[in-house]
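Below is input05.csv, holding CSV, C-alpha atoms and all ligand atoms.
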```
chain,number,residue,atom,x,y,z
M,7,MET,CA,131.3,-144.5,-45.9
M,8,ILE,CA,131.7,-144.4,-42.2
M,9,LYS,CA,128.9,-146.1,-40.2
M,10,GLU,CA,126.9,-143.7,-38.0
M,11,LYS,CA,127.1,-144.7,-34.4
M,12,ARG,CA,124.1,-144.7,-32.1
M,13,THR,CA,123.4,-141.3,-30.7
M,14,ILE,CA,123.6,-140.7,-26.9
M,15,ILE,CA,122.0,-137.6,-25.4
M,16,ALA,CA,123.7,-135.9,-22.5
M,17,PRO,CA,121.7,-133.1,-21.0
M,18,SER,CA,124.0,-130.5,-19.4
M,19,LEU,CA,122.9,-129.7,-15.8
M,20,LEU,CA,124.4,-126.3,-16.0
M,21,THR,CA,121.3,-124.9,-17.6
M,22,ALA,CA,118.8,-126.8,-15.4
M,23,ASP,CA,116.8,-125.2,-12.6
M,24,PHE,CA,119.3,-125.4,-9.7
M,25,SER,CA,116.5,-125.1,-7.2
M,26,LYS,CA,115.1,-128.5,-8.2
M,27,LEU,CA,118.0,-130.6,-9.5
M,28,LYS,CA,116.7,-133.9,-8.4
M,29,GLU,CA,113.4,-133.4,-10.3
M,30,GLU,CA,115.3,-132.2,-13.4
M,31,ILE,CA,117.5,-135.2,-13.6
M,32,THR,CA,114.7,-137.7,-12.9
M,33,GLU,CA,112.7,-136.1,-15.7
M,34,VAL,CA,115.5,-136.3,-18.4
M,35,GLU,CA,116.3,-139.9,-17.4
M,36,LYS,CA,112.7,-140.9,-17.8
M,37,LEU,CA,112.6,-139.3,-21.3
M,38,GLY,CA,115.5,-141.2,-22.7
M,39,ALA,CA,118.7,-139.3,-21.9
M,40,GLU,CA,121.5,-141.8,-21.1
M,41,TYR,CA,124.2,-139.5,-19.8
M,42,LEU,CA,124.1,-136.5,-17.4
M,43,HIS,CA,126.7,-134.0,-18.4
M,44,LEU,CA,128.2,-132.2,-15.4
M,45,ASP,CA,130.1,-129.0,-16.0
M,46,VAL,CA,132.6,-128.3,-13.3
M,47,MET,CA,134.2,-124.8,-13.6
M,48,ASP,CA,137.0,-123.4,-11.5
M,49,GLY,CA,136.7,-119.7,-12.3
M,50,ASN,CA,140.3,-119.9,-13.6
M,51,PHE,CA,140.5,-122.1,-16.6
M,52,VAL,CA,137.2,-120.6,-17.6
M,53,PRO,CA,135.7,-117.3,-16.4
M,54,ASN,CA,132.9,-118.9,-14.5
M,55,ILE,CA,132.3,-121.0,-11.4
M,56,SER,CA,129.6,-123.7,-11.4
M,57,PHE,CA,129.4,-126.6,-8.9
M,58,GLY,CA,131.6,-129.3,-7.6
M,59,ALA,CA,131.9,-132.6,-5.8
M,60,PRO,CA,129.3,-132.0,-3.0
M,61,VAL,CA,126.5,-131.3,-5.5
M,62,ILE,CA,127.4,-134.1,-7.8
M,63,SER,CA,127.8,-136.7,-5.1
M,64,SER,CA,124.4,-135.9,-3.6
M,65,LEU,CA,122.8,-136.3,-7.0
M,66,ARG,CA,124.5,-139.7,-7.6
M,67,LYS,CA,122.1,-141.4,-5.1
M,68,HIS,CA,119.1,-140.2,-7.2
M,69,SER,CA,120.1,-141.3,-10.7
M,70,ASN,CA,121.2,-144.2,-12.8
M,71,LEU,CA,122.4,-141.9,-15.6
M,72,VAL,CA,126.0,-142.2,-16.7
M,73,PHE,CA,127.7,-139.3,-14.9
M,74,ASP,CA,129.8,-137.6,-17.6
M,75,VAL,CA,131.9,-135.0,-15.7
M,76,HIS,CA,133.5,-132.2,-17.8
M,77,LEU,CA,136.2,-130.7,-15.8
M,78,MET,CA,136.9,-127.1,-16.9
M,79,VAL,CA,139.6,-126.8,-14.3
M,80,ASN,CA,143.3,-125.9,-14.5
M,81,GLU,CA,145.7,-128.8,-13.5
M,82,PRO,CA,142.8,-131.1,-12.6
M,83,ASP,CA,144.9,-134.0,-11.2
M,84,TYR,CA,144.1,-133.1,-7.6
M,85,LEU,CA,140.4,-133.7,-8.2
M,86,ILE,CA,140.5,-137.0,-10.0
M,87,GLU,CA,140.5,-139.4,-7.0
M,88,GLY,CA,137.6,-137.6,-5.4
M,89,PHE,CA,135.5,-137.4,-8.5
M,90,ALA,CA,136.2,-141.0,-9.4
M,91,GLN,CA,133.9,-141.9,-6.4
M,92,PHE,CA,130.8,-140.8,-8.3
M,93,SER,CA,131.7,-140.3,-11.9
M,94,ASP,CA,131.6,-142.8,-14.9
M,95,ILE,CA,133.4,-140.7,-17.4
M,96,ILE,CA,135.9,-138.0,-16.4
M,97,THR,CA,136.8,-135.5,-19.1
M,98,VAL,CA,139.7,-133.1,-18.8
M,99,HIS,CA,140.8,-130.3,-21.1
M,100,ALA,CA,144.0,-130.9,-23.1
M,101,GLU,CA,144.8,-127.2,-22.6
M,102,ALA,CA,144.5,-127.4,-18.8
M,103,THR,CA,147.1,-130.0,-17.9
M,104,LYS,CA,150.9,-129.8,-18.5
M,105,HIS,CA,151.1,-133.6,-18.6
M,106,LEU,CA,148.1,-134.8,-20.4
M,107,ASN,CA,149.3,-138.4,-20.7
M,108,ARG,CA,149.8,-138.5,-16.9
M,109,THR,CA,146.3,-137.2,-16.3
M,110,ILE,CA,144.9,-139.8,-18.6
M,111,GLN,CA,146.8,-142.6,-16.8
M,112,LEU,CA,145.5,-141.2,-13.4
M,113,ILE,CA,141.9,-141.4,-14.5
M,114,LYS,CA,142.4,-144.9,-15.9
M,115,SER,CA,144.0,-146.0,-12.6
M,116,PHE,CA,140.6,-145.5,-10.9
M,117,GLY,CA,138.9,-147.6,-13.6
M,118,LYS,CA,137.0,-144.7,-15.1
M,119,LYS,CA,136.4,-143.8,-18.7
M,120,VAL,CA,138.7,-141.1,-20.0
M,121,GLY,CA,137.5,-138.1,-22.0
M,122,VAL,CA,139.7,-135.4,-23.4
M,123,ALA,CA,138.2,-132.0,-24.4
M,124,LEU,CA,139.6,-129.7,-27.0
M,125,ASN,CA,138.7,-126.0,-27.1
M,126,PRO,CA,137.7,-124.7,-30.6
M,127,SER,CA,141.2,-123.4,-31.4
M,128,THR,CA,143.0,-126.5,-30.3
M,129,PRO,CA,144.1,-128.8,-33.1
M,130,LEU,CA,143.5,-132.6,-33.0
M,131,ASP,CA,147.3,-133.1,-33.2
M,132,VAL,CA,147.6,-132.6,-29.4
M,133,ILE,CA,145.9,-135.9,-28.7
M,134,LYS,CA,147.4,-137.8,-31.7
M,135,TYR,CA,149.7,-140.1,-29.5
M,136,ASP,CA,147.1,-140.5,-26.8
M,137,LEU,CA,144.1,-141.6,-28.8
M,138,ASP,CA,144.5,-145.3,-28.0
M,139,ASN,CA,144.1,-144.4,-24.3
M,140,ILE,CA,141.1,-142.2,-24.6
M,141,ASP,CA,137.5,-143.4,-24.6
M,142,MET,CA,135.9,-140.1,-25.7
M,143,VAL,CA,137.0,-136.9,-27.3
M,144,LEU,CA,135.0,-133.8,-26.5
M,145,ILE,CA,135.0,-131.4,-29.3
M,146,MET,CA,133.9,-128.0,-27.8
M,147,THR,CA,131.6,-126.4,-30.3
M,148,VAL,CA,131.6,-123.1,-28.3
M,149,ASN,CA,134.3,-121.6,-26.1
M,150,PRO,CA,133.8,-123.2,-22.7
M,151,GLY,CA,132.4,-121.3,-19.7
M,152,PHE,CA,128.8,-120.6,-20.3
M,153,GLY,CA,125.6,-122.2,-21.6
M,154,GLY,CA,123.5,-120.7,-24.3
M,155,GLN,CA,126.2,-119.7,-26.8
M,156,LYS,CA,126.1,-120.0,-30.5
M,157,PHE,CA,127.5,-123.1,-32.2
M,158,ILE,CA,130.8,-122.6,-34.1
M,159,PRO,CA,130.4,-124.1,-37.5
M,160,GLU,CA,134.1,-124.5,-38.3
M,161,MET,CA,134.0,-127.4,-35.7
M,162,LEU,CA,132.2,-129.6,-38.2
M,163,GLN,CA,135.4,-130.1,-40.1
M,164,LYS,CA,137.2,-131.0,-36.9
M,165,ILE,CA,134.6,-133.7,-36.1
M,166,LYS,CA,134.9,-135.1,-39.6
M,167,ASP,CA,138.7,-135.1,-39.4
M,168,LEU,CA,138.6,-137.0,-36.1
M,169,ARG,CA,136.1,-139.5,-37.3
M,170,LYS,CA,138.3,-140.2,-40.3
M,171,ILE,CA,141.3,-140.9,-38.0
M,172,ASN,CA,139.3,-143.1,-35.7
M,173,GLU,CA,136.0,-144.9,-36.5
M,174,ASN,CA,135.3,-146.2,-33.0
M,175,ILE,CA,136.1,-143.5,-30.5
M,176,ASP,CA,133.2,-141.7,-28.9
M,177,ILE,CA,133.0,-138.1,-30.2
M,178,GLU,CA,131.1,-135.8,-27.9
M,179,VAL,CA,130.1,-132.3,-28.9
M,180,ASP,CA,129.3,-129.6,-26.4
M,181,GLY,CA,127.9,-126.1,-27.0
M,182,GLY,CA,125.1,-124.7,-29.1
M,183,ILE,CA,123.5,-128.0,-29.8
M,184,ASN,CA,119.8,-127.9,-30.9
M,185,ALA,CA,117.7,-129.9,-33.5
M,186,GLU,CA,119.4,-128.2,-36.4
M,187,THR,CA,123.1,-128.4,-35.3
M,188,ALA,CA,122.5,-131.9,-33.9
M,189,LYS,CA,121.8,-133.1,-37.5
M,190,LEU,CA,125.0,-131.5,-38.7
M,191,VAL,CA,127.3,-132.9,-36.0
M,192,LYS,CA,125.8,-136.4,-36.4
M,193,GLU,CA,126.5,-136.3,-40.1
M,194,ALA,CA,130.0,-135.2,-39.4
M,195,GLY,CA,130.5,-138.2,-37.1
M,196,ALA,CA,129.7,-137.1,-33.5
M,197,ASN,CA,127.7,-139.7,-31.4
M,198,VAL,CA,127.4,-138.1,-27.9
M,199,LEU,CA,125.5,-134.9,-27.9
M,200,VAL,CA,125.5,-132.5,-25.0
M,201,ALA,CA,122.6,-130.1,-24.8
M,202,GLY,CA,121.9,-127.6,-22.1
M,203,SER,CA,119.8,-124.6,-22.8
M,204,TYR,CA,118.0,-126.3,-25.7
M,205,ILE,CA,116.6,-129.1,-23.5
M,206,PHE,CA,116.1,-127.2,-20.3
M,207,SER,CA,114.2,-124.3,-21.9
M,208,GLY,CA,111.0,-126.4,-22.0
M,209,ASN,CA,109.3,-129.4,-23.5
M,210,TYR,CA,112.1,-131.8,-22.6
M,211,LYS,CA,110.4,-134.8,-24.3
M,212,GLU,CA,110.2,-133.2,-27.7
M,213,LYS,CA,113.6,-131.6,-27.4
M,214,ILE,CA,115.3,-134.9,-26.5
M,215,GLU,CA,113.6,-136.7,-29.3
M,216,SER,CA,114.6,-134.1,-31.8
M,217,LEU,CA,118.3,-134.6,-31.0
M,218,LYS,CA,118.3,-138.4,-31.6
M,301,LIG,C1,129.9,-124.8,-21.7
M,301,LIG,C2,129.5,-126.2,-21.1
M,301,LIG,C3,128.3,-126.8,-21.7
M,301,LIG,C4,127.1,-126.0,-21.6
M,301,LIG,C5,126.3,-126.2,-22.9
M,301,LIG,O1,131.2,-124.5,-21.3
M,301,LIG,O2,130.6,-127.1,-21.3
M,301,LIG,O3,128.1,-128.1,-21.3
M,301,LIG,O4,126.3,-126.3,-20.5
M,301,LIG,O5,125.2,-125.4,-22.9
M,301,LIG,P1,124.4,-125.1,-24.3
M,301,LIG,O6,123.9,-126.5,-24.7
M,301,LIG,O7,123.3,-124.2,-23.8
M,301,LIG,O8,125.4,-124.5,-25.2
M,302,ZN,ZN,130.3,-129.2,-20.9
```
Serialized structure, structure tokens:
Amino acid sequence: MIKEKRTIIAPSLLTADFSKLKEEITEVEKLGAEYLHLDVMDGNFVPNISFGAPVISSLRKHSNLVFDVHLMVNEPDYLIEGFAQFSDIITVHAEATKHLNRTIQLIKSFGKKVGVALNPSTPLDVIKYDLDNIDMVLIMTVNPGFGGQKFIPEMLQKIKDLRKINENIDIEVDGGINAETAKLVKEAGANVLVAGSYIFSGNYKEKIESLK
């Protein structure tokens, strides 16, 4: 039996009220969130554009949360040095870089934690030989690009398979997480839970508690 790891809650800023970001992040920090999940989209790797470095760096001054940056960007190497200035964890998509190992080394060279994200159809095999150099695997539980989508249940097996391969690695899940799906992903072995629309649709305190 694999020991369940402590659950970390990572509210996704994408579904917060963009007209009052400082208040939103202060609130979730006060209520026990530990990470702030920051979805950077380039309108190319995913069919949407969100926000980038200027927004995130201005929030950095107002928060002690772990800044967990999820780059949904094609060939993201050109962004890494800049983002390293204000990020704690930098996650890139395995599908978005031709030389994943090089991108991983680049993130590490700035002393940042490395995350690698996998789209729902991407098998775990693609990170098999890189696992020792990765701090966190982000299992996408929806197709990336938008908040408010429905959880893809087939991803539970993927989480279980990864947890079987590696007991210690952080497994983050992203997309369609609510009280019900949180229970399922935790049982499967995930320990970092991103939640956007579920938390930011109201009663943050109760919502954050219900995910733990
Ligand atoms: C989707 C993003 C998510 C998104 C999650 O591409 O990576 O982080 O904000 O939103 P919910 O929790 O609403 O599915
Ligand atoms: Zn995300």
query: Within 10 Å of Glu160 of chain M, counting all atoms listed in the file, which residues qualify if same-chain residues fewer than 6 places away don't, as a PyMOL selection string?
result: chain M and resi 126-127+147
Surroundings of ligand LIG 301 (chain M) up to 8 Å, based on all atoms listed in the file, as an NGL selection string: :M and (17-21 or 43-45 or 76 or 78 or 146 or 148-157 or 180-184 or 200-205)
query: For ligand ZN 302 (chain M), which residue out of M:Asn80, M:Asn209, M:Ile113, M:Ala16 is the nearest one, using all atoms listed in the file?
result: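 Nearest candidate to ligand ZN 302 (chain M) out of M:Asn80, M:Asn209, M:Ile113, M:Ala16: M:Ala16.
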- prompt: When you draw a straight line from atom CA of Ile171 of chain M to atom CA of Lys11 of chain M, how long is it in Å?
  reply: 15.1 Å
task: Tell me, in Å to one decimal, how far atom CA of Val132 of chain M is from atom CA of Val46 of chain M.
output: 22.4 Å
task: List every protein, DNA or RNA residue that has at least one atom no more than 10 Å from (139.2, -130.3, -18.5) in the file's coordinates, counting all atoms listed in the file, and write the result as a PyMOL selection string.
output: chain M and resi 45-47+51-52+75-83+96-103+121-125+144+150
message: as a list in words, please: the residues near Ser63 of chain M (cut-off 9 Å, only C-alpha atoms, same-chain neighbours under 6 positions excluded).
response: Phe89, Gln91, Phe92 and Ser93 of chain M
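Among the candidates M:Leu190, M:Thr32, M:Lys26, M:Leu85, the one nearest to Asp48 of chain M when counting all atoms listed in the file is M:Leu85.
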message: Which residue is closest to ligand ZN 302 (chain M)? Choose from M:Thr187, M:Val198, M:His105, M:Ile31 and count only C-alpha atoms and all ligand atoms.
response: M:Val198
- prompt: In terms of the shortest atom-to-atom distance over all atoms listed in the file, which of M:Asn70, M:Asn107, M:Ser56, M:Thr13 is closest to ligand ZN 302 (chain M)?
  reply: M:Ser56
- prompt: Between M:Val61, M:Ile140, M:Ile214, M:Val179, which is the closest to ligand ZN 302 (chain M) once you count all atoms listed in the file?
  reply: M:Val179
field: Between atom CA of Lys134 of chain M and atom CA of Ile15 of chain M, distance in Å (one decimal)
entry: 26.2 Å
field: Nearest to ligand ZN 302 (chain M) by atom-to-atom distance, counting all atoms listed in the file, from M:Asp167, M:Glu186, M:Asp74, M:Asp176
entry: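 Between M:Asp167, M:Glu186, M:Asp74, M:Asp176, the residue approaching ligand ZN 302 (chain M) most closely is M:Asp74.
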Export of segment 49-62 of chain M: N, CA and C atoms, as a JSON list (two decimals), in the first residue's frame:
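That gives us result-v2.json:
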```
[["chain", "number", "residue", "atom", "x", "y", "z"],
["M", 49, "GLY", "N", -1.58, 31.11, -27.06],
["M", 49, "GLY", "CA", -2.46, 31.19, -28.23],
["M", 49, "GLY", "C", -1.96, 30.36, -29.40],
["M", 50, "ASN", "N", -1.01, 29.46, -29.12],
["M", 50, "ASN", "CA", -0.42, 28.64, -30.18],
["M", 50, "ASN", "C", -0.39, 27.18, -29.73],
["M", 51, "PHE", "N", 0.28, 26.92, -28.62],
["M", 51, "PHE", "CA", 0.23, 25.56, -28.06],
["M", 51, "PHE", "C", -1.20, 25.23, -27.63],
["M", 52, "VAL", "N", -1.87, 26.22, -27.09],
["M", 52, "VAL", "CA", -3.30, 26.07, -26.74],
["M", 52, "VAL", "C", -4.08, 27.21, -27.41],
["M", 53, "PRO", "N", -5.35, 26.97, -27.68],
["M", 53, "PRO", "CA", -6.14, 27.99, -28.40],
["M", 53, "PRO", "C", -6.68, 29.09, -27.50],
["M", 54, "ASN", "N", -5.80, 29.68, -26.69],
["M", 54, "ASN", "CA", -6.23, 30.74, -25.78],
["M", 54, "ASN", "C", -5.00, 31.54, -25.37],
["M", 55, "ILE", "N", -5.20, 32.78, -24.97],
["M", 55, "ILE", "CA", -4.11, 33.62, -24.47],
["M", 55, "ILE", "C", -4.52, 34.08, -23.08],
["M", 56, "SER", "N", -3.60, 33.99, -22.11],
["M", 56, "SER", "CA", -4.00, 34.37, -20.74],
["M", 56, "SER", "C", -3.21, 35.60, -20.29],
["M", 57, "PHE", "N", -2.13, 35.39, -19.56],
["M", 57, "PHE", "CA", -1.31, 36.50, -19.06],
["M", 57, "PHE", "C", 0.14, 36.01, -19.05],
["M", 58, "GLY", "N", 1.05, 36.94, -18.82],
["M", 58, "GLY", "CA", 2.46, 36.57, -18.86],
["M", 58, "GLY", "C", 3.27, 37.21, -17.76],
["M", 59, "ALA", "N", 4.57, 37.38, -18.02],
["M", 59, "ALA", "CA", 5.51, 37.83, -17.01],
["M", 59, "ALA", "C", 5.13, 39.14, -16.29],
["M", 60, "PRO", "N", 4.67, 40.18, -16.98],
["M", 60, "PRO", "CA", 4.39, 41.43, -16.26],
["M", 60, "PRO", "C", 3.34, 41.26, -15.17],
["M", 61, "VAL", "N", 2.32, 40.50, -15.45],
["M", 61, "VAL", "CA", 1.25, 40.28, -14.47],
["M", 61, "VAL", "C", 1.79, 39.48, -13.28],
["M", 62, "ILE", "N", 2.50, 38.40, -13.58],
["M", 62, "ILE", "CA", 2.98, 37.53, -12.50],
["M", 62, "ILE", "C", 4.02, 38.25, -11.64]]
```
